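Below is one structure; the comments refer to it alone.
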Amino acid sequence: MAETHTHPPGAIPPRWDPRRQACAEALTLKGDRVERGLVGLLREADELLDLSAGTPGEKVALLEYLLAICYASGTYPADAAEWRTWVEERHPLDRAAAWLAGQPDDEWDLFHPTEPLGQSSLLAPYLDERGAGPAQLVIEHVGDYNQFFDHHHLDHPAPLPVADAFRALLTQHVYGLAGRARISGCSDTLGPTITNLATGRLNARIRVVALGATLGETLRLNLTPTAGPPGEFNRSWTAGTQERRGFKKKPPGRAVSGPADLHSYLGRSILMRPTPDGSAVDRVLMAAGELLALEQHHLQDAVYAKDVEDEKKKPLWASASRAMWRDAHALYAAVMDADAPGFVNKGMDLYGRLALLPKAASGRRANQAPARPIHLWAVGLVAKQTTAVTWVFGTYPFAPGLAPELHEASKGGSLIAEHVATCLSKAAYAAWPIAYPNPKPADKAGQIARFDVRWKHWEAAKEPFYLLLDETAAGEPVPESLRDYAATLATAARQFLTECLDSLPRNSRGAQARAAALRRFDEELVGPKAPAEFQRETV
């Protein structure tokens, strides 16, 4: 079996064990920021508020890894009824922490010569000569695999602290971008498809995580009940009994052996070289990884939406042009569907299990949420070909028994925001022919854009929308909250339009354009196609 690069004679090879050495930050219940290893995160899970990560994708990757460890240790419920008991009674995760702490040290060494944690020692013969700077490990730095967003070249020599490198490694496995790996000289030995980087398991869709009051509750909420074996934990490419793919040609996706396998799969072949003191990584090779044949039950959290091009439903995807909160109703619709009478697979996915949680406690209002807060955290990566553009994410309140109300509020809130945006667009068009009586066709778009303040509206609508959901989750009547929300958005939108029109000249033509735009906005706002919240009262 191949070994990593050699060290000076007599030198002790660097070691780094994320179980015991600080690999992630977390927040305590008091709000203090602390550093913990994997064992500490699991052992103190109910004393920690949440993970604290540099990016949403990094936090998801850490949660995925902790879930994989829970499954590998046998710490998971067998069915939906037991899952509910675990959540309600705060079943401890001590078993997972004890299992992890008792594993052989060599098996959790990030720089092990033959079985490096989360990596492939098959790349070892090429690392010193063919490896590039560690910046390529960080998804947000990757541009075209030659230049990075922070202006670091691919071969920039700055070492990456080892804890940062470990988290970036986990993130690459689940969110890696498709493209061509910058690795040469090993195709003849390992195979020509070693350079073909596939899209990571979570890259093409929105990942939804149920967030509890503590890290422990978050893990319990997201543990999928499993009656059968959990599958094999993917500790290293060259470890375990799992047969790895070859690189002579692209193979079909392999079957998933269980949730431990799913949450720890190696989406990339990666090998990192430590600095002599083991405190950082200075060279990295990254190549193609595993391909999985995912089935419906592997998409426990997926929310489906129609593709505008082919009208087919597919898992909700990240978009740079459409804010995620505008599709929040899809999350609540998933819970409603799972809780509908006659639904035969109750408890079979995340939303079905959330629907099983107890409704309001005795003595509370019938439609009031329980004291324990649960939120749905949706995360996606927007990418353009091989370039990461941005992370998109949103956090939405969930209250057992209030999914219909939350769906009504989020759907209504989205439609109201869309309607106000349409009114602003038509108002801008109304001002245009008066302000520019003899326009050139080529100038039309830019001239109308002068009066188009939809971008301001969308920025301002986000916080009122979240307030609308919070009020609904607290048991406030949806119709009243929607009317208040509609009034807030309409008032703000008219103010944005008025301020924009102030740029018109103070003459007769400017006054006419200003009046036409405001009149069109007011008319469209309460017109026959307006949502009921505008038709019931004048905003």
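Each chain in the structure tokens gets a letter, A, B and so on, in the order shown; residues start at 1 in every chain, and ligands are counted from 1 in the order they appear.
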Taking 4 positions as the minimum chain separation for residues in the same chain, which residues sit within 6 Å of Ala517 (chain A) when counting only C-alpha atoms? Answer as a list in words.
Ala427, Ala430 and Ala431 of chain A
Residues of the last selection are to be written out with C-alpha atoms, as a PDB file, in the first residue's frame.
ATOM      1  CA  ALA A 427     -45.113  51.708 -12.170  1.00  0.00           C
ATOM      2  CA  ALA A 430     -45.677  53.963 -16.619  1.00  0.00           C
ATOM      3  CA  ALA A 431     -43.053  56.627 -15.898  1.00  0.00           C
TER       4      ALA A 431
END
Would you kindly return, as number ranges by chain, each protein, DNA or RNA residue with an atom no farther than 8 Å from any atom of region 107-116 of chain A, considering only C-alpha atoms and excluding same-chain residues fewer than 2 positions away?
A: 1-4, 14-19, 103-105, 118-121, 235-239, 271-274
Could you list, with a cut-off of 10 Å and counting only C-alpha atoms, the residues of region 178-227 of chain A near region 283-298 of chain A, each shown with its nearest atom pair and the distance in Å rounded to one decimal, rows sorted by chain and ascending number, as CSV?
residue,atom,partner,partner_atom,distance
A:Ala178,CA,A:Ala288,CA,9.5
A:Gly179,CA,A:Ala288,CA,9.6
A:Arg180,CA,A:Ala287,CA,8.5
A:Ala181,CA,A:Ala287,CA,5.6
A:Arg182,CA,A:Met286,CA,7.5
A:Ile183,CA,A:Leu285,CA,6.9
A:Ser184,CA,A:Leu285,CA,9.9
A:Thr193,CA,A:Ala288,CA,7.4
A:Ile194,CA,A:Ala288,CA,5.1
A:Thr195,CA,A:Ala287,CA,5.5
A:Asn196,CA,A:Ala288,CA,5.5
A:Leu197,CA,A:Ala288,CA,4.7
A:Ala198,CA,A:Ala288,CA,6.8
A:Thr199,CA,A:Leu291,CA,9.3
A:Gly200,CA,A:Leu291,CA,9.0
A:Arg201,CA,A:Leu292,CA,8.2
A:Thr224,CA,A:His298,CA,9.6
Write out as a PDB file with C-alpha atoms, in the first residue's frame the residues lying within 8 Å of region 301-303 of chain A, counting only C-alpha atoms and excluding same-chain residues fewer than 3 positions away.
ATOM      1  CA  ARG A 205     -29.972  20.539  -4.042  1.00  0.00           C
ATOM      2  CA  ILE A 206     -31.093  22.290  -0.900  1.00  0.00           C
ATOM      3  CA  ARG A 207     -30.141  20.433   2.284  1.00  0.00           C
ATOM      4  CA  VAL A 208     -32.696  20.916   5.066  1.00  0.00           C
ATOM      5  CA  VAL A 209     -31.597  20.380   8.665  1.00  0.00           C
ATOM      6  CA  PRO A 315     -35.345  18.456  -5.209  1.00  0.00           C
ATOM      7  CA  LEU A 316     -35.408  22.186  -4.540  1.00  0.00           C
ATOM      8  CA  ALA A 330     -42.457  24.197   0.136  1.00  0.00           C
ATOM      9  CA  LEU A 331     -40.952  23.147   3.486  1.00  0.00           C
ATOM     10  CA  ALA A 334     -43.823  18.725   2.851  1.00  0.00           C
ATOM     11  CA  ASP A 349     -38.925  10.995   6.007  1.00  0.00           C
ATOM     12  CA  LEU A 350     -37.828  14.016   8.046  1.00  0.00           C
ATOM     13  CA  TYR A 351     -41.110  15.868   7.568  1.00  0.00           C
TER      14      TYR A 351
END
Counting only C-alpha atoms, which of A:Gln300, A:Thr472, A:Thr498, A:Thr488 gets nearest to Ala428 (chain A)?
A:Thr498
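Each of A:Pro397, A:Asp470, A:Arg483, A:Thr218 was checked against Trp86 (chain A) using only C-alpha atoms; the smallest atom-to-atom distance is that of A:Thr218.
Counting from CA of Gly253 (chain A), the distance to CA of Cys70 (chain A) is 24.6 Å.
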Residues of region 359-514 of chain A in alpha helix (DSSP H) according to DSSP, as a PyMOL selection string?
chain A and resi 403-435+444-449+454-473+478-501+508-514
Please return as a list in words: the residues of region 1-86 of chain A that backbone DSSP assigns to strand (DSSP E or B).
Ala24, Glu25, Ala26, Leu27, Thr28, Arg33, Val34, Glu35, Arg36, Leu48, Leu49, Asp50, Leu51 and Ser52 of chain A
Atoms kept (C-alpha atoms) for selection, written as a PDB file, in the first residue's frame:
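Full text of out_17.pdb as output:
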ATOM      1  CA  ALA A  24     -14.481  22.826  15.325  1.00  0.00           C
ATOM      2  CA  GLU A  25     -15.983  25.722  17.222  1.00  0.00           C
ATOM      3  CA  ALA A  26     -19.273  25.558  19.077  1.00  0.00           C
ATOM      4  CA  LEU A  27     -21.470  27.881  21.108  1.00  0.00           C
ATOM      5  CA  THR A  28     -22.325  27.085  24.713  1.00  0.00           C
ATOM      6  CA  ARG A  33     -17.495  30.283  21.803  1.00  0.00           C
ATOM      7  CA  VAL A  34     -15.443  27.160  22.554  1.00  0.00           C
ATOM      8  CA  GLU A  35     -13.240  24.784  20.564  1.00  0.00           C
ATOM      9  CA  ARG A  36     -13.855  21.049  20.743  1.00  0.00           C
ATOM     10  CA  LEU A  48     -23.775  23.154  23.421  1.00  0.00           C
ATOM     11  CA  LEU A  49     -26.160  25.433  21.594  1.00  0.00           C
ATOM     12  CA  ASP A  50     -24.873  24.831  18.082  1.00  0.00           C
ATOM     13  CA  LEU A  51     -21.827  24.437  15.868  1.00  0.00           C
ATOM     14  CA  SER A  52     -20.077  27.613  14.764  1.00  0.00           C
TER      15      SER A  52
END
Distance query Ser264 (chain A) at most 6 Å, only C-alpha atoms, self and fewer than 3 positions along chain excluded, as number ranges by chain:
A: 65, 68, 234, 261
Can I get the selection written as a PDB file, in the first residue's frame, with N, CA and C atoms?
ATOM      1  N   TYR A  65     -20.909  14.473   9.361  1.00  0.00           N
ATOM      2  CA  TYR A  65     -19.876  13.600   9.918  1.00  0.00           C
ATOM      3  C   TYR A  65     -20.270  13.107  11.307  1.00  0.00           C
ATOM      4  N   ALA A  68     -22.823  10.445  10.897  1.00  0.00           N
ATOM      5  CA  ALA A  68     -22.185   9.194  10.468  1.00  0.00           C
ATOM      6  C   ALA A  68     -21.574   8.463  11.660  1.00  0.00           C
ATOM      7  N   ASN A 234     -16.927   5.273   6.338  1.00  0.00           N
ATOM      8  CA  ASN A 234     -15.811   5.441   5.387  1.00  0.00           C
ATOM      9  C   ASN A 234     -14.687   6.225   6.047  1.00  0.00           C
ATOM     10  N   ASP A 261     -22.568   4.861   5.958  1.00  0.00           N
ATOM     11  CA  ASP A 261     -21.908   4.950   4.664  1.00  0.00           C
ATOM     12  C   ASP A 261     -22.321   6.223   3.941  1.00  0.00           C
TER      13      ASP A 261
END
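Compared by their closest atoms to Ala165 (chain A), and using only C-alpha atoms, the residues A:Val138, A:Ala96, A:Gly31, A:His407 rank with A:Val138 nearest.
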